[in-house]
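Structure file query-v7.cif (mmCIF, C-alpha atoms and all ligand atoms) follows.
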data_data
loop_
_atom_site.label_atom_id
_atom_site.label_comp_id
_atom_site.auth_asym_id
_atom_site.auth_seq_id
_atom_site.Cartn_x
_atom_site.Cartn_y
_atom_site.Cartn_z
CA MET I 12 -62.71 -8.50 21.74
CA PHE I 13 -63.69 -7.15 25.12
CA ALA I 14 -67.17 -6.27 23.84
CA ASP I 15 -68.02 -10.00 23.84
CA GLU I 16 -67.19 -10.16 27.54
CA PHE I 17 -68.85 -6.83 28.30
CA ASP I 18 -72.14 -7.94 26.70
CA LYS I 19 -72.46 -10.85 29.13
CA TYR I 20 -73.14 -8.41 31.99
CA SER I 21 -75.95 -5.99 32.67
CA TRP I 22 -75.35 -2.67 34.44
CA GLU I 23 -78.48 -2.98 36.57
CA GLU I 24 -77.91 -6.59 37.64
CA THR I 25 -74.30 -5.82 38.52
CA GLY I 26 -75.50 -2.93 40.68
CA GLU I 27 -78.00 -5.18 42.46
CA ARG I 28 -75.33 -7.82 43.01
CA ILE I 29 -72.98 -5.25 44.58
CA GLN I 30 -75.70 -3.97 46.88
CA SER I 31 -76.62 -7.47 48.06
CA VAL I 32 -73.13 -8.67 49.04
CA SER I 33 -73.14 -10.34 52.46
CA LEU I 34 -70.57 -10.02 55.26
CA PRO I 35 -69.35 -13.64 54.83
CA GLU I 36 -68.67 -12.87 51.15
CA VAL I 37 -66.61 -9.83 52.15
CA GLU I 38 -64.65 -11.83 54.70
CA ARG I 39 -64.00 -14.64 52.26
CA ALA I 40 -62.69 -12.17 49.66
CA LEU I 41 -60.57 -10.34 52.20
CA PHE I 42 -58.96 -13.24 54.06
CA LYS I 43 -58.53 -15.91 51.39
CA GLU I 44 -54.95 -16.85 50.57
CA GLU I 45 -55.33 -17.87 46.95
CA GLN I 46 -55.68 -15.45 44.05
CA ARG I 47 -58.86 -13.34 44.10
CA ASP I 48 -61.38 -13.29 41.28
CA LEU I 49 -63.92 -10.78 40.03
CA ALA I 50 -66.53 -11.93 42.57
CA ASP I 51 -64.02 -11.05 45.30
CA PHE I 52 -63.42 -7.61 43.81
CA LEU I 53 -67.16 -7.05 43.65
CA ALA I 54 -67.44 -7.96 47.34
CA LEU I 55 -64.57 -5.67 48.32
CA ILE I 56 -66.08 -2.59 46.64
CA SER I 57 -69.55 -3.24 48.06
CA PRO I 58 -71.16 -1.18 50.84
CA ALA I 59 -70.94 -4.34 52.98
CA ALA I 60 -67.12 -4.10 52.89
CA ALA I 61 -67.03 -0.53 54.25
CA PRO I 62 -66.68 -1.59 57.93
CA TYR I 63 -63.61 -3.66 56.95
CA LEU I 64 -61.64 -0.68 55.70
CA GLU I 65 -58.89 -1.02 58.31
CA GLU I 66 -58.32 -4.70 57.47
CA MET I 67 -58.44 -3.91 53.76
CA ALA I 68 -55.88 -1.12 54.19
CA GLN I 69 -53.49 -3.37 56.11
CA ARG I 70 -53.74 -6.14 53.56
CA SER I 71 -53.38 -3.76 50.62
CA SER I 72 -50.33 -2.14 52.20
CA LYS I 73 -48.65 -5.50 52.81
CA ILE I 74 -49.31 -6.80 49.29
CA THR I 75 -48.04 -3.55 47.73
CA ARG I 76 -44.81 -3.59 49.73
CA LYS I 77 -44.20 -7.23 48.77
CA ARG I 78 -44.50 -6.50 45.05
CA PHE I 79 -43.30 -2.89 44.70
CA GLY I 80 -41.16 -2.33 47.82
CA LYS I 81 -41.43 1.07 49.48
CA THR I 82 -41.31 3.07 46.28
CA ILE I 83 -43.46 5.61 44.45
CA GLN I 84 -42.92 6.22 40.73
CA MET I 85 -43.01 9.88 39.67
CA TYR I 86 -44.38 11.17 36.36
CA ALA I 87 -45.58 14.46 34.92
CA PRO I 88 -48.34 15.14 32.39
CA LEU I 89 -47.34 17.44 29.53
CA TYR I 90 -50.29 18.96 27.67
CA LEU I 91 -49.42 19.39 24.00
CA SER I 92 -52.74 20.82 22.82
CA ASN I 93 -56.16 21.85 24.08
CA GLU I 94 -57.74 21.66 20.61
CA CYS I 95 -60.75 19.37 20.69
CA LEU I 96 -63.62 18.52 18.34
CA ASN I 97 -65.66 16.68 20.95
CA ILE I 98 -68.21 17.76 23.45
CA CYS I 99 -67.68 16.08 26.80
CA THR I 100 -69.95 17.59 29.40
CA TYR I 101 -67.36 17.33 32.20
CA CYS I 102 -64.28 18.88 30.52
CA GLY I 103 -62.95 22.44 30.20
CA PHE I 104 -61.53 21.70 26.72
CA SER I 105 -64.98 20.73 25.40
CA MET I 106 -65.53 22.17 21.90
CA GLU I 107 -68.44 24.34 22.99
CA ASN I 108 -66.32 26.18 25.59
CA LYS I 109 -65.07 29.49 24.21
CA VAL I 110 -61.44 29.27 25.29
CA ARG I 111 -58.26 30.18 23.47
CA ARG I 112 -56.90 27.08 21.79
CA LYS I 113 -53.24 26.27 21.61
CA THR I 114 -51.00 23.52 20.26
CA LEU I 115 -47.33 23.62 21.26
CA SER I 116 -44.74 24.15 18.55
CA ARG I 117 -41.53 22.16 18.70
CA GLU I 118 -39.70 25.12 20.27
CA GLU I 119 -42.40 25.56 22.91
CA LEU I 120 -42.43 21.86 23.65
CA MET I 121 -38.66 21.88 24.20
CA ILE I 122 -39.01 24.73 26.72
CA GLU I 123 -41.61 22.70 28.62
CA VAL I 124 -39.36 19.63 28.44
CA SER I 125 -36.37 21.46 29.87
CA THR I 126 -38.52 22.73 32.76
CA LEU I 127 -39.67 19.18 33.51
CA LYS I 128 -36.10 17.92 33.34
CA GLU I 129 -35.01 20.57 35.83
CA MET I 130 -37.73 19.27 38.15
CA GLY I 131 -36.14 15.81 37.89
CA TYR I 132 -38.67 13.99 35.71
CA ASP I 133 -37.76 11.00 33.58
CA HIS I 134 -41.28 9.79 32.81
CA VAL I 135 -43.61 12.03 30.82
CA LEU I 136 -47.26 11.63 29.85
CA LEU I 137 -48.11 13.53 26.64
CA VAL I 138 -51.74 14.70 26.59
CA THR I 139 -53.93 16.21 23.86
CA GLY I 140 -57.61 16.79 23.30
CA GLU I 141 -59.14 15.11 20.27
CA ASP I 142 -58.57 17.12 17.12
CA GLN I 143 -57.58 14.90 14.21
CA VAL I 144 -56.24 17.86 12.22
CA LYS I 145 -54.55 20.31 14.59
CA ALA I 146 -53.24 17.65 16.96
CA GLY I 147 -53.53 14.55 14.79
CA VAL I 148 -51.52 11.36 14.67
CA GLU I 149 -48.63 12.90 12.75
CA TYR I 150 -48.22 15.72 15.26
CA ILE I 151 -48.36 13.35 18.24
CA ARG I 152 -45.86 11.01 16.61
CA ARG I 153 -43.47 13.89 15.99
CA ALA I 154 -43.89 15.04 19.59
CA VAL I 155 -42.94 11.55 20.82
CA GLU I 156 -39.90 11.64 18.57
CA TRP I 157 -38.90 15.12 19.83
CA VAL I 158 -39.11 14.24 23.52
CA ARG I 159 -37.65 10.74 23.16
CA PRO I 160 -34.02 11.74 23.93
CA PHE I 161 -35.03 13.31 27.25
CA PHE I 162 -37.18 10.66 28.93
CA SER I 163 -36.79 6.95 29.64
CA HIS I 164 -40.55 6.37 29.62
CA ILE I 165 -43.10 8.08 27.39
CA SER I 166 -46.86 7.64 27.72
CA ILE I 167 -49.68 9.21 25.73
CA GLU I 168 -53.26 10.06 26.60
CA VAL I 169 -54.75 11.16 23.28
CA GLN I 170 -57.61 10.35 20.92
CA PRO I 171 -58.23 6.62 20.40
CA LEU I 172 -56.28 5.42 17.37
CA SER I 173 -56.35 2.44 15.02
CA GLU I 174 -54.18 -0.60 15.65
CA ALA I 175 -51.92 0.35 12.73
CA GLU I 176 -51.48 3.85 14.15
CA TYR I 177 -50.50 2.48 17.56
CA THR I 178 -48.05 0.13 15.88
CA SER I 179 -46.56 3.04 13.97
CA PHE I 180 -45.58 4.70 17.27
CA LEU I 181 -43.41 1.81 18.44
CA PRO I 182 -40.26 2.69 16.43
CA PHE I 183 -40.48 6.22 17.84
CA GLY I 184 -40.16 4.94 21.39
CA LEU I 185 -43.66 5.12 22.80
CA ASN I 186 -44.04 2.91 25.88
CA SER I 187 -47.58 3.34 27.23
CA VAL I 188 -51.08 4.35 26.18
CA LEU I 189 -53.68 5.57 28.66
CA VAL I 190 -57.31 5.38 27.63
CA TYR I 191 -60.07 5.82 30.18
CA GLN I 192 -63.54 4.59 29.34
CA GLU I 193 -64.97 7.46 31.46
CA THR I 194 -68.07 5.32 32.15
CA TYR I 195 -69.09 1.81 31.14
CA HIS I 196 -72.77 2.80 31.27
CA GLU I 197 -73.48 2.62 27.55
CA GLN I 198 -76.68 4.69 27.53
CA LYS I 199 -75.45 7.40 29.90
CA TYR I 200 -72.14 7.56 27.99
CA ARG I 201 -74.10 9.07 25.08
CA ASP I 202 -75.42 11.86 27.33
CA TYR I 203 -71.91 12.78 28.46
CA HIS I 204 -70.57 12.69 24.91
CA PRO I 205 -73.23 14.23 22.69
CA ARG I 206 -70.93 15.22 19.83
CA GLY I 207 -67.67 14.19 18.19
CA LYS I 208 -65.79 10.95 17.58
CA LYS I 209 -65.75 10.22 21.26
CA SER I 210 -69.50 9.64 21.25
CA ASN I 211 -68.84 6.19 19.72
CA PHE I 212 -68.91 4.10 22.91
CA ARG I 213 -68.01 0.84 21.20
CA TYR I 214 -64.97 2.28 19.43
CA ARG I 215 -63.62 3.57 22.73
CA LEU I 216 -64.41 0.26 24.45
CA ALA I 217 -62.33 -1.60 21.87
CA THR I 218 -59.36 0.80 22.12
CA PRO I 219 -57.34 -1.21 24.69
CA ASP I 220 -57.77 -4.24 22.39
CA ARG I 221 -56.18 -2.27 19.56
CA VAL I 222 -53.37 -1.06 21.81
CA GLY I 223 -52.78 -4.60 23.07
CA THR I 224 -52.78 -6.09 19.58
CA ALA I 225 -50.23 -3.47 18.55
CA GLY I 226 -47.90 -4.85 21.24
CA MET I 227 -47.60 -1.75 23.44
CA HIS I 228 -45.53 -2.17 26.61
CA LYS I 229 -48.19 -0.82 28.98
CA ILE I 230 -51.90 0.14 28.92
CA GLY I 231 -53.56 2.44 31.47
CA LEU I 232 -57.26 2.06 32.27
CA GLY I 233 -59.68 3.96 34.48
CA VAL I 234 -63.13 5.46 34.90
CA LEU I 235 -64.01 9.05 35.64
CA LEU I 236 -65.21 8.87 39.22
CA GLY I 237 -68.25 11.03 39.74
CA LEU I 238 -70.11 10.36 36.50
CA GLU I 239 -72.02 7.20 37.32
CA ASP I 240 -72.12 4.71 40.21
CA TRP I 241 -68.42 4.28 40.99
CA ARG I 242 -68.90 0.74 42.23
CA ILE I 243 -70.52 -0.53 39.02
CA ASP I 244 -68.10 1.38 36.80
CA SER I 245 -65.13 0.01 38.76
CA PHE I 246 -66.45 -3.53 38.47
CA PHE I 247 -66.59 -3.17 34.68
CA CYS I 248 -63.10 -1.71 34.68
CA ALA I 249 -61.87 -4.75 36.65
CA LEU I 250 -63.64 -6.99 34.14
CA HIS I 251 -61.83 -5.11 31.38
CA LEU I 252 -58.44 -5.49 33.04
CA SER I 253 -58.97 -9.21 33.68
CA TYR I 254 -59.84 -9.75 30.04
CA LEU I 255 -56.83 -7.76 28.82
CA GLU I 256 -54.39 -9.51 31.13
CA LYS I 257 -55.49 -12.88 29.79
CA THR I 258 -55.51 -11.75 26.16
CA TYR I 259 -52.40 -9.53 26.00
CA TRP I 260 -50.39 -11.22 28.71
CA LYS I 261 -47.05 -9.63 27.77
CA THR I 262 -48.45 -6.14 28.38
CA LYS I 263 -48.28 -4.34 31.74
CA TYR I 264 -51.24 -2.43 33.15
CA SER I 265 -52.01 0.54 35.34
CA ILE I 266 -55.22 1.84 36.86
CA SER I 267 -55.99 5.51 37.57
CA PHE I 268 -58.69 7.03 39.74
CA PRO I 269 -59.56 10.41 38.23
CA ARG I 270 -62.25 12.18 40.26
CA ILE I 271 -64.15 14.97 38.54
CA ARG I 272 -62.66 18.38 39.31
CA PRO I 273 -63.98 21.94 38.75
CA HIS I 274 -63.49 23.27 35.22
CA ARG I 275 -64.56 26.00 32.80
CA GLY I 276 -68.06 25.60 31.37
CA GLU I 277 -69.62 23.95 34.39
CA ASP I 278 -71.65 26.24 36.61
CA LYS I 279 -72.29 23.76 39.37
CA PHE I 280 -69.33 21.80 40.61
CA ARG I 281 -70.30 18.30 41.61
CA PRO I 282 -68.27 17.19 44.59
CA GLY I 283 -68.33 13.70 43.10
CA LEU I 284 -70.24 10.64 44.05
CA ILE I 285 -67.32 9.03 45.84
CA THR I 286 -66.04 10.15 49.24
CA ASP I 287 -62.41 10.04 50.37
CA ARG I 288 -63.15 7.02 52.50
CA GLU I 289 -64.79 5.21 49.60
CA LEU I 290 -61.87 6.05 47.34
CA VAL I 291 -59.51 4.44 49.86
CA GLN I 292 -61.78 1.38 49.86
CA LEU I 293 -61.66 1.29 46.06
CA ILE I 294 -57.86 1.59 45.87
CA CYS I 295 -57.38 -1.12 48.52
CA ALA I 296 -59.89 -3.36 46.72
CA TRP I 297 -57.91 -3.00 43.48
CA ARG I 298 -54.67 -3.93 45.20
CA ILE I 299 -56.11 -6.94 47.02
CA PHE I 300 -57.69 -8.08 43.76
CA ASN I 301 -54.61 -7.58 41.61
CA GLU I 302 -51.11 -7.69 43.08
CA GLU I 303 -49.32 -6.67 39.87
CA VAL I 304 -51.21 -3.65 38.58
CA GLU I 305 -49.79 -0.16 39.07
CA LEU I 306 -52.16 2.19 40.91
CA SER I 307 -51.80 5.85 40.02
CA VAL I 308 -53.03 8.78 42.14
CA SER I 309 -52.82 12.21 40.53
CA THR I 310 -52.78 15.80 41.74
CA ARG I 311 -56.58 15.84 41.45
CA GLU I 312 -56.44 14.57 45.03
CA SER I 313 -55.72 16.64 48.11
CA GLU I 314 -52.40 16.80 49.98
CA LYS I 315 -53.91 14.98 52.93
CA PHE I 316 -55.34 12.20 50.81
CA ARG I 317 -52.11 11.66 48.89
CA ASP I 318 -49.98 11.68 52.04
CA HIS I 319 -52.08 8.81 53.40
CA ILE I 320 -52.57 6.77 50.27
CA ILE I 321 -48.80 6.29 49.94
CA HIS I 322 -49.05 3.62 52.62
CA LEU I 323 -52.16 1.93 51.32
CA GLY I 324 -51.48 0.70 47.80
CA ALA I 325 -50.60 3.59 45.48
CA THR I 326 -47.50 3.07 43.36
CA THR I 327 -47.47 6.08 41.03
CA PHE I 328 -47.75 9.83 41.64
CA SER I 329 -47.75 12.92 39.48
CA ALA I 330 -46.57 16.16 41.09
CA GLY I 331 -46.46 19.84 40.20
CA SER I 332 -48.81 19.03 37.31
CA LYS I 333 -50.09 21.61 34.84
CA THR I 334 -53.17 20.74 32.82
CA ASN I 335 -52.81 23.44 30.16
CA PRO I 336 -50.58 23.45 27.07
CA GLY I 337 -47.48 25.47 27.92
CA GLY I 338 -48.43 25.38 31.60
CA TYR I 339 -44.93 24.71 32.96
CA ALA I 340 -43.09 27.60 31.32
CA VAL I 341 -44.41 28.81 27.96
CA GLU I 342 -47.85 30.08 28.91
CA PRO I 343 -48.64 29.37 32.56
CA GLU I 344 -51.84 31.44 32.50
CA SER I 345 -53.64 29.56 29.70
CA LEU I 346 -56.80 27.65 30.52
CA GLU I 347 -56.42 24.45 32.50
CA GLN I 348 -58.38 21.32 31.58
CA PHE I 349 -59.38 21.13 35.23
CA GLU I 350 -58.10 22.54 38.51
CA ILE I 351 -55.53 20.46 40.33
CA CYS I 352 -55.83 20.03 44.09
CA ASP I 353 -52.40 19.08 45.42
CA GLU I 354 -50.28 22.04 44.27
CA ARG I 355 -46.99 21.08 45.89
CA GLU I 356 -43.86 21.19 43.77
CA PRO I 357 -42.23 17.89 42.73
CA HIS I 358 -39.34 18.33 45.21
CA GLU I 359 -41.87 18.85 48.02
CA ILE I 360 -43.73 15.67 47.05
CA ALA I 361 -40.44 13.78 46.84
CA ALA I 362 -39.51 15.03 50.33
CA MET I 363 -42.93 14.00 51.66
CA ILE I 364 -42.50 10.53 50.13
CA ARG I 365 -39.09 10.17 51.80
CA ARG I 366 -40.46 11.42 55.13
CA ASN I 367 -42.96 8.57 54.95
CA GLY I 368 -40.17 6.05 54.54
CA TYR I 369 -40.67 5.53 50.80
CA GLU I 370 -38.34 6.23 47.90
CA PRO I 371 -39.45 8.47 45.00
CA LEU I 372 -38.47 6.78 41.73
CA TRP I 373 -37.83 9.14 38.84
CA LYS I 374 -36.67 6.29 36.65
CA ASP I 375 -37.29 2.58 37.16
CA TRP I 376 -37.53 1.40 33.60
CA ASP I 377 -35.49 1.50 30.45
CA ARG I 378 -36.49 0.77 26.89
CA THR I 379 -33.68 -1.77 26.66
CA LEU I 380 -35.60 -3.88 29.21
CA GLN I 381 -38.57 -4.22 26.89
CA LEU I 382 -39.29 -7.81 25.84
S1 LIG I 401 -62.28 14.91 27.78
FE1 LIG I 401 -60.86 14.87 26.06
S2 LIG I 401 -62.17 14.52 24.29
FE2 LIG I 401 -63.51 15.26 25.91
S3 LIG I 401 -63.61 17.47 25.65
FE3 LIG I 401 -61.97 17.04 27.09
S4 LIG I 401 -60.12 16.98 25.85
FE4 LIG I 401 -61.88 16.75 24.47
#
Please, can you express the file's structure as structure tokens?
Amino acid sequence: MFADEFDKYSWEETGERIQSVSLPEVERALFKEEQRDLADFLALISPAAAPYLEEMAQRSSKITRKRFGKTIQMYAPLYLSNECLNICTYCGFSMENKVRRKTLSREELMIEVSTLKEMGYDHVLLVTGEDQVKAGVEYIRRAVEWVRPFFSHISIEVQPLSEAEYTSFLPFGLNSVLVYQETYHEQKYRDYHPRGKKSNFRYRLATPDRVGTAGMHKIGLGVLLGLEDWRIDSFFCALHLSYLEKTYWKTKYSISFPRIRPHRGEDKFRPGLITDRELVQLICAWRIFNEEVELSVSTRESEKFRDHIIHLGATTFSAGSKTNPGGYAVEPESLEQFEICDEREPHEIAAMIRRNGYEPLWKDWDRTLQL
């Protein structure tokens, strides 16, 4: 289990190590020809690597083109429910927020699906809050079954489940599970999650193990940038990925970079502890460290940022996203989980991708290709 690996490291010592990286260590990590290791990733995300951003960007761009060509995969999140029994201090769906709750019926879901299909989507990410009754496993499984005929790739981002529950989704055509640790700082994690099932740090930490054991095609990892020191959190995320790749070697992986966005229930919006420039450094570091992993950049980021990151290592984009259940057609005015930043329609994003010499991929995978 990943916890065994995780317990070998201390948050504080990792932070000190990152802060004390030397320039020769950065150069060695950046210019070596053989496969990079975790020490290299640590060097590349350090403050010492900041002056090397141009070289990092060039290398990241080259590696990405070699592995993925000039393509960007397109996907859309589809929020099924904003019911949630947890308190997360950074989320508009948090139980303590007095907002109208909604879970899509089958009819409503089909209306949302047809809107997404008209936009051109073939990859959908089904999202719920964590309510084991109103949006429990049975409901999510049925939703996967309902949307299956319309999409070639289905992902979920829902409450952490047991291994048996993940396995039970496979016959219904589920391809990927996204589960972000939010932060790997075990003590601070409790402050951000004071109530609900999500407050169990260790259960969440072991979730990718359960997904991997179930034999899922792909697992998505990430940390919520803006909670704790992004460098230390990203190091632990890289440690997690390295462990998973060795343990569940048939599974594919993706990394996301969600930055905290404004939302209901938070009176002071934190601009986040990571700047645009640092986020570019982080994305390039991930690519140089791992040539295979998909790197996903969502509509949380600005138009300008997304237009540039196309060239620097990103492989996956959402576009036209709605973060409220029924947001595409059924009930556009309901409360969003958080505000999106890049509000361009999918066809505008696709045109922008083409203008940059890349090809938007609406479908690049089929279930029949699964091993
Ligand atoms: S982050 Fe997820 S679990 Fe936490 S309050 Fe929001 S929807 Fe609920």
Which residues of chain I come within 8 Å of ligand LIG 401 (chain I), and for each one, what is the closest pair of atoms and their distance in Å to one decimal, counting only C-alpha atoms and all ligand atoms, sorted by chain and residue number, as JSON lines?
{"residue": "I:Asn93", "atom": "CA", "partner": "I:LIG401", "partner_atom": "S4", "distance": 6.5}
{"residue": "I:Glu94", "atom": "CA", "partner": "I:LIG401", "partner_atom": "S4", "distance": 7.4}
{"residue": "I:Cys95", "atom": "CA", "partner": "I:LIG401", "partner_atom": "FE4", "distance": 4.7}
{"residue": "I:Leu96", "atom": "CA", "partner": "I:LIG401", "partner_atom": "FE4", "distance": 6.6}
{"residue": "I:Asn97", "atom": "CA", "partner": "I:LIG401", "partner_atom": "FE4", "distance": 5.2}
{"residue": "I:Ile98", "atom": "CA", "partner": "I:LIG401", "partner_atom": "S3", "distance": 5.1}
{"residue": "I:Cys99", "atom": "CA", "partner": "I:LIG401", "partner_atom": "FE2", "distance": 4.3}
{"residue": "I:Thr100", "atom": "CA", "partner": "I:LIG401", "partner_atom": "S3", "distance": 7.4}
{"residue": "I:Tyr101", "atom": "CA", "partner": "I:LIG401", "partner_atom": "S1", "distance": 7.2}
{"residue": "I:Cys102", "atom": "CA", "partner": "I:LIG401", "partner_atom": "FE3", "distance": 4.5}
{"residue": "I:Gly103", "atom": "CA", "partner": "I:LIG401", "partner_atom": "FE3", "distance": 6.3}
{"residue": "I:Phe104", "atom": "CA", "partner": "I:LIG401", "partner_atom": "FE3", "distance": 4.7}
{"residue": "I:Ser105", "atom": "CA", "partner": "I:LIG401", "partner_atom": "S3", "distance": 3.5}
{"residue": "I:Met106", "atom": "CA", "partner": "I:LIG401", "partner_atom": "S3", "distance": 6.3}
{"residue": "I:Thr139", "atom": "CA", "partner": "I:LIG401", "partner_atom": "S4", "distance": 6.5}
{"residue": "I:Gly140", "atom": "CA", "partner": "I:LIG401", "partner_atom": "S4", "distance": 3.6}
{"residue": "I:Glu141", "atom": "CA", "partner": "I:LIG401", "partner_atom": "S2", "distance": 5.1}
{"residue": "I:Val169", "atom": "CA", "partner": "I:LIG401", "partner_atom": "FE1", "distance": 7.7}
{"residue": "I:Gln170", "atom": "CA", "partner": "I:LIG401", "partner_atom": "S2", "distance": 7.0}
{"residue": "I:His204", "atom": "CA", "partner": "I:LIG401", "partner_atom": "FE2", "distance": 7.6}
{"residue": "I:Lys209", "atom": "CA", "partner": "I:LIG401", "partner_atom": "S2", "distance": 6.4}
{"residue": "I:Gln348", "atom": "CA", "partner": "I:LIG401", "partner_atom": "FE3", "distance": 7.2}
Which residue, I:Glu350, I:Glu156, I:Glu65, I:Asp48, has the smallest gap to Leu181 in chain I when you use all atoms listed in the file?
I:Glu156
List the spatial neighbours of Ile266 in chain I as a PyMOL selection string - criterion: any atom at most 8 Å away, all atoms listed in the file, same-chain residues fewer than 6 positions off excluded.
chain I and resi 231-233+304-307
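Atom pair CA of Ala61 in chain I / CA of Gln198 in chain I has a distance of 28.9 Å (rounded to one decimal).
The residue that comes closest to His322 in chain I, out of I:Ile243, I:Lys128, I:Ser71, I:Ser166 and on the basis of all atoms listed in the file, is I:Ser71.
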